[in-house]
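Student: Here it is: the structure, laid out below.
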Amino acid sequence: MYLIVLSATIGLNTEEHTCQTAVRPEERTEMGELPRETPMFSFGVIADIQYADVDERYNYSRTALRYYRSSVHLLRNARQTWCESEARPEFILQLGDIIDGVNHSHQTSEQALERVMAEFSLCPIPVHHVWGNHEFYNFSRSELLQSKINSSGSGAPCPGGDIYAYAFSPVLGFTFVVLDGYDVSLVGREVSSVKRASAHRLITRFNDSEDLNSPPGSSEDLEQRFTMFNGALSEEQLDWLDSVLRSADEKQEKVTIVCHLPVHPRSTSNMCLLWNYDEVLGLIKAHRSVVCFISGHDHDGGYYRDEDTGVHHLTLEGVIETPPHSDAFGTVSVYSDRMELKGFGRIPDRVCVFR
């Protein structure tokens with residue numbers, strides 16, 4: 001395991017750091033050891049479990065194996081670690097794609113979801129579920145709103161009926177905002193939906209392929225994000241996010257935003273970005289309360305500290321492409337001035353100092 005101190009601008013998946021705070025001799029104990037600081041709270045993170053009871057196979061680009069059946073065993077490793085921790089996490093962030101879309105074609109969506117939720121239920125830690133593209137490959141939006149992976153009841157939801165976005169505060173002074181990255185999309189809306197029509201107009205401006213899951217242009221092009229497996233926030237959701245952040249600014253809170261889709265191009269590949277990532281970055285820049293943005297979707301993971309805002313953009317490595325002998329989850333300890341990610345398996349340790 002390796003530690004990455006994040007207090008200066010760092011590129012995607014880099015181990016470089018530029019500064020660390022020295023410890024004065026008087027801060028050490030008589031035994032020469034650093035005193036152990038108690039975090040204000042902690043939470044677990046896990047992304048892209050994508051469980052299915054099928055054999056492993058390559059991803060669509062044939063660059064990595066997907067371990068469908070063993071992903072639930074890696075979830076078990078995470079669950080046992082969290083439950084057996086000396087200080088249990090206050091909650092878990094499940095960052096989306098909890099089961100794989102292959103379940104739909106096998107007519108096993110309900111069984112697969114039950115298998116994963118049964119594993120989560122063995123530990124009495126609340127789970128905040130984020131929705132990704134694979135949730136919509138298996139279920140309609142109305143079905144998801146009635147399902148066990150609708151955790152919006154544990155927070156203050158976004159007004160507007162079927163937008164799956166909400167805010168919650170685990171302790172005084174800290175707010176988490178869960179976003180609906182498929183509010184405007186082709187997969188997350190019914191065929192007759194106005195938002196789906198809007199999504200189709202937007203995506204076809206940049207992607208003229210017959211297969212809209214095929215990214216346009218080259219890997220260096222930001223237009224690669226215009227595929228069916230991505231989406232956008234509606235104006236309604238953006239306005240709500242702005243109001244939540246404005247309130248947090250006034251209260252001098254620290255805000256962590258959570259979404260399945262990343263929003264910073266330096267924290268992920270271009271084809272995994274939220275369609276209107278630039279609008280979200282604009283809101284983040286306008287509100288000093290935001291300290292971190294956590295996402296999944298890109299199974300290779302990524303990280304970038306925005307030098308303009310000081311906000312940490314963390315993209316968590318996916319369970320689905322993690323070999324059975326490894327792991328892909330973490331525990332984040334939150335202090336007044338930083339977050340410390342303790343990673344397991346593929347996920348590196350990181351220290352994210354607040355601006």
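Following the order of the structure tokens, first chain is A, next is B, and so on, with residues numbered from 1 inside each chain and ligands from 1 in the order they appear.
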List the neighbours of Pro324 of chain A out to 10 Å using only C-alpha atoms; skip same-chain residues closer than 3 positions along the sequence, and give me the result as a list in words.

Tutor: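 Counting only C-alpha atoms, the residues come to Tyr67, Tyr68, Arg69, Ser70, Ser71, Val72, His73, Leu74, Val319, Ile320, Glu321 and Asp327 of chain A.
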
Student: Mind listing the alpha helix (DSSP H) residues of segment 174-211 of chain A, per DSSP on the backbone, as a PyMOL selection string?

Tutor: chain A and resi 194-206

Student: Any chance you could export the current selection's N, CA and C atoms as a PDB file, in the first residue's frame?

Tutor:
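Listing of out_27.pdb after writing:
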```
ATOM      1  N   VAL A 194     -39.592  14.154 -22.167  1.00  0.00           N
ATOM      2  CA  VAL A 194     -39.032  15.394 -22.725  1.00  0.00           C
ATOM      3  C   VAL A 194     -37.530  15.438 -22.496  1.00  0.00           C
ATOM      4  N   LYS A 195     -37.085  14.969 -21.339  1.00  0.00           N
ATOM      5  CA  LYS A 195     -35.655  14.977 -21.039  1.00  0.00           C
ATOM      6  C   LYS A 195     -34.894  13.992 -21.932  1.00  0.00           C
ATOM      7  N   ARG A 196     -35.540  12.904 -22.324  1.00  0.00           N
ATOM      8  CA  ARG A 196     -34.886  11.975 -23.242  1.00  0.00           C
ATOM      9  C   ARG A 196     -34.755  12.603 -24.629  1.00  0.00           C
ATOM     10  N   ALA A 197     -35.773  13.318 -25.055  1.00  0.00           N
ATOM     11  CA  ALA A 197     -35.709  14.002 -26.340  1.00  0.00           C
ATOM     12  C   ALA A 197     -34.599  15.050 -26.331  1.00  0.00           C
ATOM     13  N   SER A 198     -34.483  15.750 -25.224  1.00  0.00           N
ATOM     14  CA  SER A 198     -33.417  16.740 -25.079  1.00  0.00           C
ATOM     15  C   SER A 198     -32.052  16.073 -25.137  1.00  0.00           C
ATOM     16  N   ALA A 199     -31.929  14.901 -24.472  1.00  0.00           N
ATOM     17  CA  ALA A 199     -30.673  14.151 -24.483  1.00  0.00           C
ATOM     18  C   ALA A 199     -30.310  13.706 -25.895  1.00  0.00           C
ATOM     19  N   HIS A 200     -31.307  13.272 -26.650  1.00  0.00           N
ATOM     20  CA  HIS A 200     -31.055  12.811 -28.022  1.00  0.00           C
ATOM     21  C   HIS A 200     -30.576  13.958 -28.905  1.00  0.00           C
ATOM     22  N   ARG A 201     -31.182  15.122 -28.751  1.00  0.00           N
ATOM     23  CA  ARG A 201     -30.740  16.284 -29.535  1.00  0.00           C
ATOM     24  C   ARG A 201     -29.297  16.657 -29.199  1.00  0.00           C
ATOM     25  N   LEU A 202     -28.976  16.601 -27.921  1.00  0.00           N
ATOM     26  CA  LEU A 202     -27.627  16.976 -27.481  1.00  0.00           C
ATOM     27  C   LEU A 202     -26.578  15.989 -27.967  1.00  0.00           C
ATOM     28  N   ILE A 203     -26.821  14.703 -27.761  1.00  0.00           N
ATOM     29  CA  ILE A 203     -25.809  13.700 -28.103  1.00  0.00           C
ATOM     30  C   ILE A 203     -25.565  13.622 -29.613  1.00  0.00           C
ATOM     31  N   THR A 204     -26.632  13.778 -30.402  1.00  0.00           N
ATOM     32  CA  THR A 204     -26.472  13.648 -31.853  1.00  0.00           C
ATOM     33  C   THR A 204     -25.835  14.890 -32.491  1.00  0.00           C
ATOM     34  N   ARG A 205     -25.691  15.965 -31.738  1.00  0.00           N
ATOM     35  CA  ARG A 205     -24.923  17.112 -32.225  1.00  0.00           C
ATOM     36  C   ARG A 205     -23.443  16.784 -32.332  1.00  0.00           C
ATOM     37  N   PHE A 206     -22.983  15.843 -31.502  1.00  0.00           N
ATOM     38  CA  PHE A 206     -21.562  15.524 -31.431  1.00  0.00           C
ATOM     39  C   PHE A 206     -21.239  14.094 -31.859  1.00  0.00           C
TER      40      PHE A 206
END
```

Student: Leaving out Asp221 of chain A and any residue of its chain fewer than 3 positions from it, which residues lie within 10 Å of it when counting only C-alpha atoms, given as a CSV table (one decimal) with N, CA and C atoms, in the first residue's frame?

Tutor:
```csv
chain,number,residue,atom,x,y,z
A,215,PRO,N,-17.9,6.1,-28.8
A,215,PRO,CA,-17.5,7.4,-28.6
A,215,PRO,C,-17.0,8.1,-29.9
A,216,PRO,N,-17.4,9.3,-30.1
A,216,PRO,CA,-16.9,10.1,-31.3
A,216,PRO,C,-15.5,10.6,-31.1
A,217,GLY,N,-14.8,10.7,-32.2
A,217,GLY,CA,-13.4,11.3,-32.2
A,217,GLY,C,-12.4,10.4,-31.6
A,218,SER,N,-11.3,11.0,-31.2
A,218,SER,CA,-10.2,10.3,-30.6
A,218,SER,C,-10.2,10.5,-29.1
A,224,GLN,N,-15.7,13.0,-26.7
A,224,GLN,CA,-15.9,11.5,-26.5
A,224,GLN,C,-16.9,11.2,-25.4
A,225,ARG,N,-17.2,12.2,-24.6
A,225,ARG,CA,-18.2,11.9,-23.5
A,225,ARG,C,-19.6,11.8,-24.0
A,269,SER,N,-11.0,9.5,-17.9
A,269,SER,CA,-10.9,9.5,-19.4
A,269,SER,C,-12.0,10.4,-19.9
A,270,ASN,N,-11.8,10.9,-21.1
A,270,ASN,CA,-12.8,11.8,-21.7
A,270,ASN,C,-14.2,11.1,-21.9
A,271,MET,N,-14.2,9.9,-22.2
A,271,MET,CA,-15.4,9.2,-22.6
A,271,MET,C,-16.2,8.8,-21.3
```

Student: Would you mind listing what lies within 12 Å of Gly231 of chain A as an MDAnalysis selection string, with only C-alpha atoms counted and same-chain residues fewer than 6 positions away left out?

Tutor: chainID A and resid 131:133 136 179:189 195:196 198:200 202:203 213 225 259:263 271:277 297

Student: Restricted to N, CA and C atoms, what would the selected residues look like written as a short mmCIF file (atom, residue, chain, number, x, y, z; two decimals), in the first residue's frame?

Tutor:
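The result, stored in result38.cif:
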```
data_model
loop_
_atom_site.label_atom_id
_atom_site.label_comp_id
_atom_site.auth_asym_id
_atom_site.auth_seq_id
_atom_site.Cartn_x
_atom_site.Cartn_y
_atom_site.Cartn_z
N TRP A 131 -26.87 6.20 -8.44
CA TRP A 131 -27.33 5.46 -9.62
C TRP A 131 -26.40 5.70 -10.80
N GLY A 132 -25.99 4.60 -11.45
CA GLY A 132 -25.17 4.66 -12.65
C GLY A 132 -25.93 4.14 -13.85
N ASN A 133 -25.24 4.02 -14.97
CA ASN A 133 -25.89 3.55 -16.20
C ASN A 133 -26.42 2.13 -16.08
N PHE A 136 -29.89 1.61 -14.80
CA PHE A 136 -30.93 1.87 -15.81
C PHE A 136 -30.95 0.81 -16.91
N LEU A 179 -25.76 13.36 -6.60
CA LEU A 179 -26.32 13.88 -7.85
C LEU A 179 -26.86 12.77 -8.75
N ASP A 180 -27.81 13.12 -9.59
CA ASP A 180 -28.41 12.22 -10.57
C ASP A 180 -27.78 12.52 -11.93
N GLY A 181 -26.73 11.76 -12.28
CA GLY A 181 -26.01 11.99 -13.52
C GLY A 181 -26.75 11.55 -14.77
N TYR A 182 -27.89 10.89 -14.61
CA TYR A 182 -28.68 10.42 -15.75
C TYR A 182 -30.05 11.08 -15.78
N ASP A 183 -30.12 12.27 -15.17
CA ASP A 183 -31.35 13.06 -15.17
C ASP A 183 -31.75 13.39 -16.61
N VAL A 184 -30.78 13.79 -17.41
CA VAL A 184 -30.98 14.00 -18.85
C VAL A 184 -30.13 12.96 -19.57
N SER A 185 -30.77 11.95 -20.12
CA SER A 185 -30.01 10.85 -20.74
C SER A 185 -30.92 10.00 -21.62
N LEU A 186 -30.29 9.12 -22.37
CA LEU A 186 -31.05 8.17 -23.19
C LEU A 186 -31.38 6.90 -22.43
N VAL A 187 -30.56 6.55 -21.43
CA VAL A 187 -30.80 5.32 -20.68
C VAL A 187 -31.65 5.55 -19.44
N GLY A 188 -31.61 6.77 -18.90
CA GLY A 188 -32.28 7.02 -17.63
C GLY A 188 -33.67 7.62 -17.74
N ARG A 189 -34.19 7.73 -18.97
CA ARG A 189 -35.50 8.33 -19.17
C ARG A 189 -36.34 7.50 -20.13
N LYS A 195 -37.09 14.97 -21.34
CA LYS A 195 -35.65 14.98 -21.04
C LYS A 195 -34.89 13.99 -21.93
N ARG A 196 -35.54 12.90 -22.32
CA ARG A 196 -34.89 11.97 -23.24
C ARG A 196 -34.75 12.60 -24.63
N SER A 198 -34.48 15.75 -25.22
CA SER A 198 -33.42 16.74 -25.08
C SER A 198 -32.05 16.07 -25.14
N ALA A 199 -31.93 14.90 -24.47
CA ALA A 199 -30.67 14.15 -24.48
C ALA A 199 -30.31 13.71 -25.89
N HIS A 200 -31.31 13.27 -26.65
CA HIS A 200 -31.06 12.81 -28.02
C HIS A 200 -30.58 13.96 -28.90
N LEU A 202 -28.98 16.60 -27.92
CA LEU A 202 -27.63 16.98 -27.48
C LEU A 202 -26.58 15.99 -27.97
N ILE A 203 -26.82 14.70 -27.76
CA ILE A 203 -25.81 13.70 -28.10
C ILE A 203 -25.56 13.62 -29.61
N ASN A 213 -23.32 4.19 -28.41
CA ASN A 213 -22.39 3.78 -27.34
C ASN A 213 -20.94 3.85 -27.81
N ARG A 225 -17.23 12.19 -24.61
CA ARG A 225 -18.19 11.95 -23.52
C ARG A 225 -19.62 11.77 -24.02
N CYS A 259 -21.30 11.63 -7.39
CA CYS A 259 -22.03 11.32 -8.62
C CYS A 259 -21.37 10.11 -9.26
N HIS A 260 -22.12 9.31 -10.00
CA HIS A 260 -21.50 8.19 -10.70
C HIS A 260 -20.51 8.68 -11.74
N LEU A 261 -20.85 9.78 -12.40
CA LEU A 261 -20.03 10.31 -13.49
C LEU A 261 -19.06 11.38 -12.99
N PRO A 262 -17.77 11.28 -13.34
CA PRO A 262 -16.80 12.32 -12.97
C PRO A 262 -17.08 13.62 -13.73
N VAL A 263 -16.53 14.73 -13.19
CA VAL A 263 -16.76 16.02 -13.85
C VAL A 263 -15.47 16.76 -14.18
N MET A 271 -14.16 9.86 -22.23
CA MET A 271 -15.42 9.19 -22.57
C MET A 271 -16.23 8.82 -21.33
N CYS A 272 -15.74 9.15 -20.13
CA CYS A 272 -16.49 8.86 -18.90
C CYS A 272 -17.07 10.10 -18.25
N LEU A 273 -16.88 11.27 -18.85
CA LEU A 273 -17.32 12.53 -18.25
C LEU A 273 -18.83 12.75 -18.35
N LEU A 274 -19.36 13.46 -17.35
CA LEU A 274 -20.72 13.99 -17.43
C LEU A 274 -20.81 14.90 -18.64
N TRP A 275 -21.91 14.83 -19.38
CA TRP A 275 -22.04 15.65 -20.59
C TRP A 275 -21.83 17.13 -20.30
N ASN A 276 -22.50 17.66 -19.27
CA ASN A 276 -22.34 19.09 -18.94
C ASN A 276 -21.45 19.28 -17.72
N TYR A 277 -20.32 18.58 -17.76
CA TYR A 277 -19.34 18.68 -16.67
C TYR A 277 -18.91 20.12 -16.44
N HIS A 297 -17.54 4.98 -12.27
CA HIS A 297 -17.74 4.90 -13.72
C HIS A 297 -16.48 4.51 -14.49
#
```

Student: Per DSSP on the backbone, filter segment 119-345 of chain A down to the residues in strand (DSSP E or B) and report them as an MDAnalysis selection string.

Tutor: chainID A and resid 127:129 156:157 166:171 174:178 184 232 254:258 290:295 302:305 312:315 328:334 338:345

Student: Counting only C-alpha atoms, which residue out of A:Met40, A:Ala52, A:Leu113, A:Val177 sits closest to Phe139 of chain A?

Tutor: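 Comparing A:Met40, A:Ala52, A:Leu113, A:Val177 against Phe139 of chain A, the winner is A:Leu113.
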
Student: Excluding Phe120 of chain A and any residue of its chain fewer than 2 positions from it, enumerate the residues within 10 Å of it, using only C-alpha atoms, and give them as number ranges by chain.

Tutor: A: 72, 75-76, 78-80, 92, 114-118, 122-127

Student: Grab the residues selected above and save them as a PDB file, in the first residue's frame with N, CA, C and O atoms.

Tutor:
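The resulting file, selection.pdb, is reproduced below:
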```pdb
ATOM      1  N   VAL A  72     -19.099  -9.922  -5.902  1.00  0.00           N
ATOM      2  CA  VAL A  72     -19.832  -9.954  -4.643  1.00  0.00           C
ATOM      3  C   VAL A  72     -18.930 -10.428  -3.506  1.00  0.00           C
ATOM      4  O   VAL A  72     -19.122 -10.040  -2.340  1.00  0.00           O
ATOM      5  N   LEU A  75     -17.084  -7.399  -2.451  1.00  0.00           N
ATOM      6  CA  LEU A  75     -17.975  -6.611  -1.607  1.00  0.00           C
ATOM      7  C   LEU A  75     -17.987  -7.184  -0.194  1.00  0.00           C
ATOM      8  O   LEU A  75     -17.974  -6.429   0.786  1.00  0.00           O
ATOM      9  N   ARG A  76     -17.974  -8.499  -0.075  1.00  0.00           N
ATOM     10  CA  ARG A  76     -17.948  -9.129   1.254  1.00  0.00           C
ATOM     11  C   ARG A  76     -16.687  -8.739   2.014  1.00  0.00           C
ATOM     12  O   ARG A  76     -16.732  -8.447   3.212  1.00  0.00           O
ATOM     13  N   ALA A  78     -15.050  -6.007   1.708  1.00  0.00           N
ATOM     14  CA  ALA A  78     -15.246  -4.618   2.134  1.00  0.00           C
ATOM     15  C   ALA A  78     -16.183  -4.556   3.330  1.00  0.00           C
ATOM     16  O   ALA A  78     -15.899  -3.877   4.335  1.00  0.00           O
ATOM     17  N   ARG A  79     -17.290  -5.278   3.235  1.00  0.00           N
ATOM     18  CA  ARG A  79     -18.272  -5.259   4.311  1.00  0.00           C
ATOM     19  C   ARG A  79     -17.681  -5.765   5.623  1.00  0.00           C
ATOM     20  O   ARG A  79     -17.875  -5.170   6.694  1.00  0.00           O
ATOM     21  N   GLN A  80     -16.901  -6.829   5.571  1.00  0.00           N
ATOM     22  CA  GLN A  80     -16.287  -7.371   6.781  1.00  0.00           C
ATOM     23  C   GLN A  80     -15.275  -6.398   7.379  1.00  0.00           C
ATOM     24  O   GLN A  80     -15.212  -6.230   8.604  1.00  0.00           O
ATOM     25  N   ILE A  92     -21.821   4.309   4.197  1.00  0.00           N
ATOM     26  CA  ILE A  92     -21.085   3.815   3.030  1.00  0.00           C
ATOM     27  C   ILE A  92     -21.630   4.524   1.794  1.00  0.00           C
ATOM     28  O   ILE A  92     -22.845   4.688   1.647  1.00  0.00           O
ATOM     29  N   GLU A 114     -30.859  -8.597  -5.250  1.00  0.00           N
ATOM     30  CA  GLU A 114     -31.098  -9.192  -3.933  1.00  0.00           C
ATOM     31  C   GLU A 114     -29.812  -9.781  -3.357  1.00  0.00           C
ATOM     32  O   GLU A 114     -29.550  -9.656  -2.153  1.00  0.00           O
ATOM     33  N   ARG A 115     -29.004 -10.403  -4.211  1.00  0.00           N
ATOM     34  CA  ARG A 115     -27.744 -11.005  -3.741  1.00  0.00           C
ATOM     35  C   ARG A 115     -26.811  -9.938  -3.180  1.00  0.00           C
ATOM     36  O   ARG A 115     -26.208 -10.106  -2.117  1.00  0.00           O
ATOM     37  N   VAL A 116     -26.688  -8.829  -3.892  1.00  0.00           N
ATOM     38  CA  VAL A 116     -25.791  -7.764  -3.442  1.00  0.00           C
ATOM     39  C   VAL A 116     -26.347  -7.062  -2.199  1.00  0.00           C
ATOM     40  O   VAL A 116     -25.612  -6.789  -1.242  1.00  0.00           O
ATOM     41  N   MET A 117     -27.640  -6.797  -2.195  1.00  0.00           N
ATOM     42  CA  MET A 117     -28.236  -6.117  -1.049  1.00  0.00           C
ATOM     43  C   MET A 117     -28.202  -6.988   0.203  1.00  0.00           C
ATOM     44  O   MET A 117     -28.092  -6.479   1.329  1.00  0.00           O
ATOM     45  N   ALA A 118     -28.270  -8.304   0.020  1.00  0.00           N
ATOM     46  CA  ALA A 118     -28.155  -9.212   1.162  1.00  0.00           C
ATOM     47  C   ALA A 118     -26.782  -9.088   1.804  1.00  0.00           C
ATOM     48  O   ALA A 118     -26.635  -9.141   3.038  1.00  0.00           O
ATOM     49  N   LEU A 122     -25.799  -7.398   5.933  1.00  0.00           N
ATOM     50  CA  LEU A 122     -25.139  -8.126   7.018  1.00  0.00           C
ATOM     51  C   LEU A 122     -24.346  -7.215   7.948  1.00  0.00           C
ATOM     52  O   LEU A 122     -23.832  -7.673   8.972  1.00  0.00           O
ATOM     53  N   CYS A 123     -24.227  -5.957   7.588  1.00  0.00           N
ATOM     54  CA  CYS A 123     -23.546  -4.994   8.455  1.00  0.00           C
ATOM     55  C   CYS A 123     -24.480  -3.795   8.651  1.00  0.00           C
ATOM     56  O   CYS A 123     -24.954  -3.221   7.669  1.00  0.00           O
ATOM     57  N   PRO A 124     -24.756  -3.423   9.902  1.00  0.00           N
ATOM     58  CA  PRO A 124     -25.750  -2.361  10.163  1.00  0.00           C
ATOM     59  C   PRO A 124     -25.196  -0.951   9.969  1.00  0.00           C
ATOM     60  O   PRO A 124     -25.258  -0.112  10.865  1.00  0.00           O
ATOM     61  N   ILE A 125     -24.635  -0.705   8.791  1.00  0.00           N
ATOM     62  CA  ILE A 125     -24.134   0.625   8.454  1.00  0.00           C
ATOM     63  C   ILE A 125     -24.998   1.166   7.319  1.00  0.00           C
ATOM     64  O   ILE A 125     -25.177   0.485   6.304  1.00  0.00           O
ATOM     65  N   PRO A 126     -25.553   2.366   7.450  1.00  0.00           N
ATOM     66  CA  PRO A 126     -26.383   2.929   6.374  1.00  0.00           C
ATOM     67  C   PRO A 126     -25.595   3.054   5.071  1.00  0.00           C
ATOM     68  O   PRO A 126     -24.405   3.382   5.084  1.00  0.00           O
ATOM     69  N   VAL A 127     -26.275   2.791   3.962  1.00  0.00           N
ATOM     70  CA  VAL A 127     -25.644   2.886   2.639  1.00  0.00           C
ATOM     71  C   VAL A 127     -26.362   3.957   1.825  1.00  0.00           C
ATOM     72  O   VAL A 127     -27.590   3.936   1.710  1.00  0.00           O
TER      73      VAL A 127
END
```

Student: Smallest atom-to-atom distance to Ile284 of chain A: which of A:Asn59, A:Thr315, A:Asn230, A:Thr309, using only C-alpha atoms?

Tutor: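 Closest candidate: A:Thr309.
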
Student: What is the atom CA of Ile294 of chain A-atom CA of Arg62 of chain A distance in Å, reported with one decimal?

Tutor: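 Computed distance, atom CA of Ile294 of chain A to atom CA of Arg62 of chain A, equals 26.5 Å.
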
Student: Between atom CA of Asp53 of chain A and atom CA of Asn77 of chain A, what distance in Å does the model show, to one decimal?

Tutor: 18.0 Å
